[in-house]
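my_file.cif (mmCIF, C-alpha atoms and all ligand atoms)
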data_work
#
loop_
_atom_site.label_atom_id
_atom_site.label_comp_id
_atom_site.auth_asym_id
_atom_site.auth_seq_id
_atom_site.Cartn_x
_atom_site.Cartn_y
_atom_site.Cartn_z
CA MET A 1 -41.11 7.19 -123.76
CA THR A 2 -40.98 8.23 -127.36
CA ALA A 3 -40.58 5.44 -129.90
CA GLU A 4 -36.89 6.34 -130.21
CA GLU A 5 -36.34 6.39 -126.43
CA ARG A 6 -38.08 3.00 -126.13
CA TYR A 7 -35.85 1.55 -128.82
CA LEU A 8 -32.73 2.95 -127.17
CA PHE A 9 -33.73 1.92 -123.63
CA ASP A 10 -34.22 -1.64 -124.84
CA LEU A 11 -31.05 -1.63 -126.93
CA ASN A 12 -28.72 0.08 -124.46
CA GLY A 13 -30.36 -0.39 -121.03
CA TYR A 14 -30.50 3.34 -120.28
CA VAL A 15 -31.67 6.72 -121.57
CA VAL A 16 -30.32 10.13 -120.63
CA LEU A 17 -33.05 12.63 -119.75
CA ARG A 18 -31.80 16.17 -120.20
CA LYS A 19 -32.73 19.06 -117.91
CA VAL A 20 -35.32 17.26 -115.82
CA LEU A 21 -34.41 19.31 -112.73
CA PRO A 22 -35.01 23.05 -113.24
CA PRO A 23 -32.50 25.56 -111.77
CA PRO A 24 -34.60 26.59 -108.71
CA ILE A 25 -34.95 22.99 -107.50
CA LEU A 26 -31.28 22.31 -108.19
CA ALA A 27 -30.29 25.38 -106.21
CA ALA A 28 -32.54 24.34 -103.31
CA MET A 29 -31.03 20.85 -103.27
CA ASN A 30 -27.44 22.09 -103.40
CA ASP A 31 -28.13 24.65 -100.64
CA SER A 32 -29.60 21.95 -98.49
CA ILE A 33 -26.56 19.72 -99.06
CA ASP A 34 -24.19 22.63 -98.30
CA ARG A 35 -25.97 23.07 -94.98
CA LEU A 36 -25.77 19.36 -94.17
CA GLU A 37 -22.07 19.25 -95.03
CA ALA A 38 -21.43 21.98 -92.46
CA LEU A 39 -22.68 19.54 -89.78
CA ASN A 40 -20.64 16.79 -88.16
CA ASP A 41 -21.69 13.15 -88.34
CA ARG A 42 -23.40 13.20 -84.97
CA GLU A 43 -25.45 16.29 -85.85
CA VAL A 44 -26.44 14.68 -89.13
CA GLU A 45 -27.51 11.48 -87.35
CA ALA A 46 -29.62 13.60 -84.99
CA ARG A 47 -31.55 14.69 -88.10
CA ASN A 48 -32.18 11.01 -88.83
CA LEU A 49 -29.71 11.02 -91.74
CA ALA A 50 -27.27 8.14 -92.17
CA ARG A 51 -23.95 9.35 -93.63
CA LYS A 52 -21.67 6.51 -94.76
CA TYR A 53 -18.12 7.03 -95.94
CA GLN A 54 -17.24 5.24 -99.16
CA GLU A 55 -14.16 3.54 -97.72
CA ASP A 56 -16.62 0.97 -96.37
CA ASN A 57 -18.20 0.37 -99.80
CA VAL A 58 -16.68 -2.63 -101.59
CA TYR A 59 -17.49 -1.12 -105.00
CA ALA A 60 -15.90 2.25 -104.31
CA GLN A 61 -12.40 3.42 -105.13
CA VAL A 62 -11.54 6.20 -102.71
CA GLY A 63 -8.94 8.89 -103.44
CA PRO A 64 -6.77 10.76 -100.93
CA ALA A 65 -8.62 12.69 -98.20
CA PRO A 66 -9.66 16.10 -99.56
CA GLN A 67 -7.95 19.25 -98.22
CA GLN A 68 -11.36 20.68 -97.41
CA GLY A 69 -14.78 19.22 -96.82
CA LEU A 70 -15.91 15.66 -96.28
CA ALA A 71 -14.35 12.50 -97.66
CA ASP A 72 -16.42 10.63 -100.28
CA TYR A 73 -19.71 9.57 -98.74
CA SER A 74 -23.28 8.58 -99.45
CA SER A 75 -26.26 9.40 -97.31
CA THR A 76 -29.96 8.94 -96.90
CA ILE A 77 -31.69 12.09 -98.14
CA LEU A 78 -35.47 11.89 -97.80
CA PRO A 79 -35.41 12.95 -94.12
CA CYS A 80 -34.41 16.40 -95.49
CA GLY A 81 -37.87 16.65 -97.05
CA GLY A 82 -38.46 19.64 -99.35
CA PRO A 83 -37.24 19.16 -102.93
CA PHE A 84 -35.93 15.66 -102.18
CA GLU A 85 -39.46 14.64 -101.25
CA GLU A 86 -40.86 16.23 -104.42
CA LEU A 87 -38.55 14.08 -106.52
CA ILE A 88 -40.28 10.87 -105.35
CA ASP A 89 -43.06 11.30 -107.93
CA TRP A 90 -41.27 13.63 -110.32
CA PRO A 91 -43.61 14.20 -113.29
CA ALA A 92 -40.78 14.30 -115.86
CA VAL A 93 -39.75 10.77 -114.88
CA LEU A 94 -42.88 9.01 -113.64
CA PRO A 95 -44.20 7.98 -117.11
CA TYR A 96 -40.80 6.39 -117.89
CA LEU A 97 -40.99 4.39 -114.67
CA GLU A 98 -44.52 3.24 -115.39
CA GLU A 99 -43.50 1.96 -118.78
CA ALA A 100 -40.20 0.36 -117.76
CA ILE A 101 -41.54 -1.47 -114.68
CA GLY A 102 -44.95 -2.25 -116.13
CA VAL A 103 -46.63 -3.29 -112.84
CA PRO A 104 -47.48 -1.41 -109.61
CA PHE A 105 -44.19 -0.15 -108.21
CA ARG A 106 -42.63 1.60 -105.26
CA LEU A 107 -39.63 3.68 -104.34
CA ASP A 108 -37.18 1.21 -102.80
CA ALA A 109 -34.24 3.58 -102.15
CA ALA A 110 -33.17 7.21 -102.37
CA SER A 111 -29.68 8.43 -101.56
CA PHE A 112 -27.16 11.19 -102.12
CA MET A 113 -23.52 10.61 -103.10
CA SER A 114 -20.53 12.98 -103.02
CA ARG A 115 -17.23 12.09 -104.73
CA HIS A 116 -13.88 13.91 -104.91
CA GLY A 117 -10.73 13.53 -106.98
CA GLY A 118 -9.38 9.98 -107.01
CA GLY A 119 -12.78 8.43 -106.36
CA GLY A 120 -14.46 5.99 -108.74
CA PHE A 121 -16.92 3.10 -108.66
CA VAL A 122 -16.33 -0.35 -110.14
CA PHE A 123 -18.58 -1.88 -112.77
CA HIS A 124 -21.23 -4.10 -111.22
CA HIS A 125 -24.16 -6.10 -112.63
CA GLY A 126 -24.61 -7.06 -116.27
CA TYR A 127 -22.49 -10.20 -116.00
CA ALA A 128 -25.22 -12.74 -116.75
CA GLU A 129 -25.98 -13.19 -113.05
CA MET A 130 -29.55 -14.07 -112.08
CA LEU A 131 -30.40 -11.48 -109.44
CA PRO A 132 -34.17 -11.46 -108.86
CA TYR A 133 -33.99 -7.88 -107.55
CA SER A 134 -32.39 -6.40 -110.67
CA GLU A 135 -33.52 -8.37 -113.72
CA TYR A 136 -34.27 -6.58 -116.97
CA ALA A 137 -37.22 -8.17 -118.77
CA PHE A 138 -39.44 -7.54 -121.74
CA GLU A 139 -42.53 -9.60 -122.52
CA ARG A 140 -45.11 -9.38 -125.25
CA ASP A 141 -46.97 -6.50 -123.60
CA GLY A 142 -43.99 -4.41 -122.58
CA PHE A 143 -41.09 -3.99 -120.14
CA LEU A 144 -41.12 -5.74 -116.76
CA CYS A 145 -37.91 -4.44 -115.19
CA ALA A 146 -37.33 -5.53 -111.60
CA SER A 147 -35.21 -2.47 -110.75
CA ILE A 148 -34.89 0.95 -112.33
CA LYS A 149 -32.53 3.61 -111.02
CA ILE A 150 -32.29 7.26 -111.83
CA SER A 151 -29.03 9.07 -111.31
CA TYR A 152 -29.70 12.84 -111.07
CA ALA A 153 -26.68 15.10 -111.59
CA LEU A 154 -26.66 17.98 -109.09
CA THR A 155 -23.40 19.31 -110.54
CA ASP A 156 -21.99 19.38 -114.05
CA VAL A 157 -20.03 16.15 -114.43
CA GLY A 158 -17.72 15.56 -117.35
CA VAL A 159 -15.64 12.46 -117.96
CA GLU A 160 -12.74 14.02 -116.01
CA ASP A 161 -15.11 14.55 -113.03
CA GLY A 162 -15.80 10.83 -112.79
CA CYS A 163 -19.17 10.61 -114.51
CA PHE A 164 -21.61 7.71 -114.38
CA THR A 165 -20.54 5.07 -116.90
CA VAL A 166 -22.13 2.01 -118.51
CA ILE A 167 -21.51 -0.85 -120.89
CA PRO A 168 -24.43 -0.36 -123.31
CA GLY A 169 -26.40 -3.55 -123.93
CA SER A 170 -24.80 -5.50 -121.06
CA HIS A 171 -28.23 -5.95 -119.42
CA LYS A 172 -28.93 -8.59 -122.11
CA SER A 173 -25.61 -10.40 -121.93
CA HIS A 174 -25.51 -14.14 -121.11
CA PHE A 175 -21.77 -14.40 -120.53
CA PRO A 176 -19.33 -13.35 -117.82
CA ASN A 177 -18.28 -9.74 -118.18
CA PRO A 178 -14.51 -9.27 -117.83
CA LEU A 179 -14.88 -5.59 -116.93
CA VAL A 180 -17.09 -6.17 -113.87
CA GLY A 181 -15.22 -5.41 -110.65
CA ARG A 182 -12.94 -2.85 -112.33
CA VAL A 183 -13.14 0.92 -112.28
CA PRO A 184 -14.27 1.79 -115.83
CA ASP A 185 -11.54 2.85 -118.23
CA PRO A 186 -13.09 5.59 -120.39
CA ALA A 187 -10.75 4.70 -123.26
CA HIS A 188 -11.97 1.08 -123.47
CA PRO A 189 -14.09 0.56 -126.60
CA LEU A 190 -16.96 -1.15 -124.70
CA VAL A 191 -17.17 1.54 -122.05
CA ARG A 192 -19.50 4.52 -122.42
CA PRO A 193 -19.07 7.40 -119.95
CA LEU A 194 -22.22 9.54 -119.72
CA PRO A 195 -21.26 13.15 -119.03
CA CYS A 196 -24.16 15.22 -117.71
CA GLU A 197 -24.97 18.80 -116.91
CA ALA A 198 -26.53 19.67 -113.57
CA GLY A 199 -30.22 18.81 -113.83
CA ASP A 200 -29.77 15.90 -116.25
CA ALA A 201 -30.62 12.34 -115.25
CA VAL A 202 -29.63 8.85 -116.37
CA PHE A 203 -32.57 6.44 -116.28
CA PHE A 204 -31.25 2.86 -116.31
CA SER A 205 -31.99 -0.78 -115.66
CA GLU A 206 -30.06 -2.01 -112.61
CA ASP A 207 -29.24 -5.07 -114.71
CA LEU A 208 -26.88 -2.96 -116.84
CA SER A 209 -23.14 -2.96 -116.04
CA HIS A 210 -22.63 0.43 -114.44
CA GLY A 211 -20.14 2.31 -112.33
CA ALA A 212 -18.18 5.56 -112.49
CA VAL A 213 -14.86 6.48 -114.06
CA GLU A 214 -12.25 7.93 -111.74
CA ASN A 215 -12.74 11.56 -110.82
CA ARG A 216 -9.48 13.09 -112.10
CA GLY A 217 -10.61 16.69 -111.79
CA SER A 218 -10.85 19.11 -108.89
CA ARG A 219 -14.65 19.32 -108.85
CA VAL A 220 -16.76 17.39 -106.36
CA ARG A 221 -19.44 15.30 -108.06
CA ARG A 222 -22.87 15.41 -106.42
CA THR A 223 -25.46 12.84 -107.43
CA LEU A 224 -28.86 11.67 -106.25
CA PHE A 225 -29.92 8.07 -106.84
CA TYR A 226 -33.64 7.23 -106.73
CA SER A 227 -34.50 3.56 -107.17
CA TYR A 228 -37.88 1.99 -108.02
CA ALA A 229 -39.04 -1.59 -108.12
CA PRO A 230 -42.21 -3.65 -108.48
CA ALA A 231 -44.39 -3.47 -105.38
CA TYR A 232 -43.45 -7.02 -104.35
CA GLN A 233 -39.91 -5.82 -103.53
CA CYS A 234 -39.07 -4.37 -100.12
CA ALA A 235 -37.22 -1.15 -99.35
CA TRP A 236 -33.40 -1.11 -98.95
CA GLY A 237 -32.71 -0.61 -95.25
CA ARG A 238 -33.17 3.01 -94.16
CA LEU A 239 -33.15 4.38 -97.71
CA THR A 240 -36.87 5.21 -97.82
CA GLU A 241 -37.09 6.82 -94.40
CA VAL A 242 -38.88 10.14 -94.75
CA ALA A 243 -39.14 13.43 -92.84
CA PRO A 244 -41.64 13.88 -89.99
CA GLY A 245 -45.14 14.73 -91.20
CA PHE A 246 -44.64 13.12 -94.60
CA GLU A 247 -47.77 11.00 -94.34
CA SER A 248 -50.02 14.01 -93.78
CA ARG A 249 -48.50 16.27 -96.46
CA ALA A 250 -47.72 13.78 -99.25
CA ASN A 251 -50.03 13.55 -102.24
CA PRO A 252 -51.61 10.08 -102.75
CA ARG A 253 -49.10 8.95 -105.39
CA ARG A 254 -46.08 10.02 -103.36
CA LEU A 255 -47.43 8.26 -100.30
CA GLU A 256 -48.12 5.13 -102.30
CA LEU A 257 -44.62 5.14 -103.77
CA VAL A 258 -43.04 5.24 -100.31
CA GLN A 259 -45.40 2.84 -98.56
CA GLY A 260 -45.62 0.47 -101.51
CA PRO A 261 -48.89 -0.35 -103.25
CA VAL A 262 -50.53 -3.75 -102.94
CA PRO A 263 -48.72 -5.90 -105.51
CA PHE A 264 -50.59 -7.73 -108.27
CA GLU A 265 -53.79 -5.66 -107.96
CA ASP A 266 -55.47 -3.22 -110.30
CA ARG A 267 -54.95 0.38 -109.18
CA PRO A 268 -57.31 3.33 -109.49
CA ALA A 269 -56.72 5.20 -112.77
CA SER A 270 -56.25 8.39 -110.71
CA LEU A 271 -52.85 7.07 -109.53
CA THR A 272 -51.52 6.51 -113.03
CA ALA A 273 -49.50 9.24 -114.80
CA VAL A 274 -51.00 10.60 -117.98
O1 LIG A 301 -20.97 6.54 -108.92
C1 LIG A 301 -21.81 6.20 -109.71
O2 LIG A 301 -22.30 6.99 -110.50
C2 LIG A 301 -22.30 4.79 -109.70
C3 LIG A 301 -22.86 4.43 -108.37
C4 LIG A 301 -23.58 3.13 -108.41
O3 LIG A 301 -23.63 2.47 -109.39
C5 LIG A 301 -24.26 2.63 -107.23
O4 LIG A 301 -24.29 3.32 -106.20
O5 LIG A 301 -24.81 1.50 -107.31
#
Once you've parsed the file, please lay out its structure as structure tokens.
Ligand SMILES: O=C(O)CCC(=O)C(=O)O
Amino acid sequence: MTAEERYLFDLNGYVVLRKVLPPPILAAMNDSIDRLEALNDREVEARNLARKYQEDNVYAQVGPAPQQGLADYSSTILPCGGPFEELIDWPAVLPYLEEAIGVPFRLDAASFMSRHGGGGFVFHHGYAEMLPYSEYAFERDGFLCASIKISYALTDVGVEDGCFTVIPGSHKSHFPNPLVGRVPDPAHPLVRPLPCEAGDAVFFSEDLSHGAVENRGSRVRRTLFYSYAPAYQCAWGRLTEVAPGFESRANPRRLELVQGPVPFEDRPASLTAV
């Protein structure tokens, strides 16, 4: 992080990283998702992918069923391999993770989310709760965040398309947050929608109040979420399941991020980003 990014990450609980996914990788990811969306749920499950419709998600607001294509859903994504696997140890992001988590860490979840008109996601976290899996912390020597997420935009997403939205600074709040549990209102003075272009990413502490404003446009929003945590945390359900052959083709850092390093131990310098 630059000195300014460090200041802003601490102050706000997030930083926006512009253009971290170059066009060829974006195109490969979107093509892969197009191909998956042409498959029915059973065919997707046969590829070891778990597609879950958002109507079952307590945080999600779901709009009317779309005329074409799938209803709002999220899915595991690493079993697709290819560019999704490359993103595990993405060089443009890895140094930010090392600084924000501050101890040996792992990938604890990776997923894809698709959202149409009418869909939104209520604010959650950042209400002074003590959740060991998401705490933001800073100590004398640096950050010690217990959960960092990166939201990668695979499509351009303006405010009208239901972009990712935060309450800056809420990761430090000690009082109940009256906006938690509500779909963010972009006109509210505490609410900051974060429009992105395809290839941008929002790097944030899970302790921050975050959600998504309602998608009021006609464009489908496509987002990847990659989540990292200190090595003492476990993976979230099936969200780190990988494609066959991963163990033999992954580089050492990628393998370590998926399997989880030994917590509380010094690591070889060769596994640290420069
Ligand atoms: O839709 C969004 O961008 C927010 C999703 C989110 O916060 C989550 O999945 O935990």
Please indicate the distance in Å from atom O3 of ligand LIG 301 (chain A) to atom CA of A:Ser170, rounded to one decimal place. 14.2 Å
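Between atom CA of A:Ala128 and atom CA of A:Pro176 lies a distance of 6.0 Å.
Distances to A:Ala243 were evaluated for A:Lys19, A:Ser32, A:Val44, A:Leu78 using only C-alpha atoms, and the minimum falls at A:Leu78.
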Report as a PyMOL selection string all protein, DNA and RNA residues lying within 9 Å of A:Phe264, evaluated on all atoms listed in the file, omitting residues in the same chain fewer than 2 positions from it. chain A and resi 103-104+231-232+262+266
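Atom CA of A:Arg106 to atom CA of A:Leu154 spans 23.2 Å [interatomic distance, one decimal].
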Can you tell me which residues come within 6 Å of ligand LIG 301 (chain A) when counting all atoms listed in the file, ideally as a PyMOL selection string? chain A and resi 121+164+210-212
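Distance check against A:Val159 using all atoms listed in the file: of A:Ser74, A:Ser147, A:Asn215, A:Gln233, the minimum falls on A:Asn215.
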Env of A:Lys149: 12 Å cut, atoms = all atoms listed in the file, seq-sep filter 2 positions within chain, self excluded. Answer as an mmCIF file with C-alpha atoms, in the frame of the given file.
data_model
loop_
_atom_site.group_PDB
_atom_site.id
_atom_site.type_symbol
_atom_site.label_atom_id
_atom_site.label_comp_id
_atom_site.auth_asym_id
_atom_site.auth_seq_id
_atom_site.Cartn_x
_atom_site.Cartn_y
_atom_site.Cartn_z
ATOM 1 C CA GLY A 13 -30.360 -0.390 -121.030
ATOM 2 C CA TYR A 14 -30.500 3.340 -120.280
ATOM 3 C CA VAL A 15 -31.670 6.720 -121.570
ATOM 4 C CA VAL A 16 -30.320 10.130 -120.630
ATOM 5 C CA VAL A 93 -39.750 10.770 -114.880
ATOM 6 C CA LEU A 94 -42.880 9.010 -113.640
ATOM 7 C CA TYR A 96 -40.800 6.390 -117.890
ATOM 8 C CA LEU A 97 -40.990 4.390 -114.670
ATOM 9 C CA ALA A 100 -40.200 0.360 -117.760
ATOM 10 C CA ILE A 101 -41.540 -1.470 -114.680
ATOM 11 C CA ARG A 106 -42.630 1.600 -105.260
ATOM 12 C CA LEU A 107 -39.630 3.680 -104.340
ATOM 13 C CA ASP A 108 -37.180 1.210 -102.800
ATOM 14 C CA ALA A 109 -34.240 3.580 -102.150
ATOM 15 C CA ALA A 110 -33.170 7.210 -102.370
ATOM 16 C CA SER A 111 -29.680 8.430 -101.560
ATOM 17 C CA SER A 134 -32.390 -6.400 -110.670
ATOM 18 C CA TYR A 136 -34.270 -6.580 -116.970
ATOM 19 C CA CYS A 145 -37.910 -4.440 -115.190
ATOM 20 C CA ALA A 146 -37.330 -5.530 -111.600
ATOM 21 C CA SER A 147 -35.210 -2.470 -110.750
ATOM 22 C CA SER A 151 -29.030 9.070 -111.310
ATOM 23 C CA TYR A 152 -29.700 12.840 -111.070
ATOM 24 C CA ALA A 201 -30.620 12.340 -115.250
ATOM 25 C CA VAL A 202 -29.630 8.850 -116.370
ATOM 26 C CA PHE A 203 -32.570 6.440 -116.280
ATOM 27 C CA PHE A 204 -31.250 2.860 -116.310
ATOM 28 C CA SER A 205 -31.990 -0.780 -115.660
ATOM 29 C CA GLU A 206 -30.060 -2.010 -112.610
ATOM 30 C CA ASP A 207 -29.240 -5.070 -114.710
ATOM 31 C CA LEU A 208 -26.880 -2.960 -116.840
ATOM 32 C CA HIS A 210 -22.630 0.430 -114.440
ATOM 33 C CA LEU A 224 -28.860 11.670 -106.250
ATOM 34 C CA PHE A 225 -29.920 8.070 -106.840
ATOM 35 C CA TYR A 226 -33.640 7.230 -106.730
ATOM 36 C CA SER A 227 -34.500 3.560 -107.170
ATOM 37 C CA TYR A 228 -37.880 1.990 -108.020
ATOM 38 C CA ALA A 229 -39.040 -1.590 -108.120
#
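Counting all atoms listed in the file, the residue from A:Pro79, A:Pro178, A:Gly237, A:Pro66 that sits nearest to A:Glu45 is A:Pro79.
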Residues near A:Pro195, anyone? I mean within 7 Å using only C-alpha atoms, not counting same-chain ones fewer than 6 positions away, as a PyMOL selection string. chain A and resi 157-159+163
Considering all atoms listed in the file, can you say which of A:Gly82, A:Thr76, A:Ser209, A:Pro64 comes closest to A:Asp31?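 Using all atoms listed in the file, the shortest distance to A:Asp31 belongs to A:Gly82.
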Out of A:Pro252, A:Pro193, A:Pro91, A:Gly63, which residue has the shortest atom-to-atom distance to A:Val20 when counting only C-alpha atoms?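 The closest residue to A:Val20 is A:Pro91.
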Have a look at A:Pro186, A:Gly181, A:Pro263, A:Gly117 and name the one nearest to A:Val58; count all atoms listed in the file.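 Among the listed residues, the smallest separation from A:Val58 belongs to A:Gly181.
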Which neighbours of A:Asn40 fall inside 12 Å, counting all atoms listed in the file, when residues of the same chain fewer than 3 positions from it are skipped, and could you give them as JSON, numbers by chain? {"A": [35, 36, 37, 43, 44, 45, 46, 47, 49, 50, 51, 69, 70]}
Determine, counting all atoms listed in the file, which protein, DNA and RNA residues have an atom within 9 Å of an atom of A:Asn30; residues of the same chain fewer than 4 positions away are not included. Present the result as a VMD selection string. chain A and resid 25 to 26 34 to 35 154 to 155 222
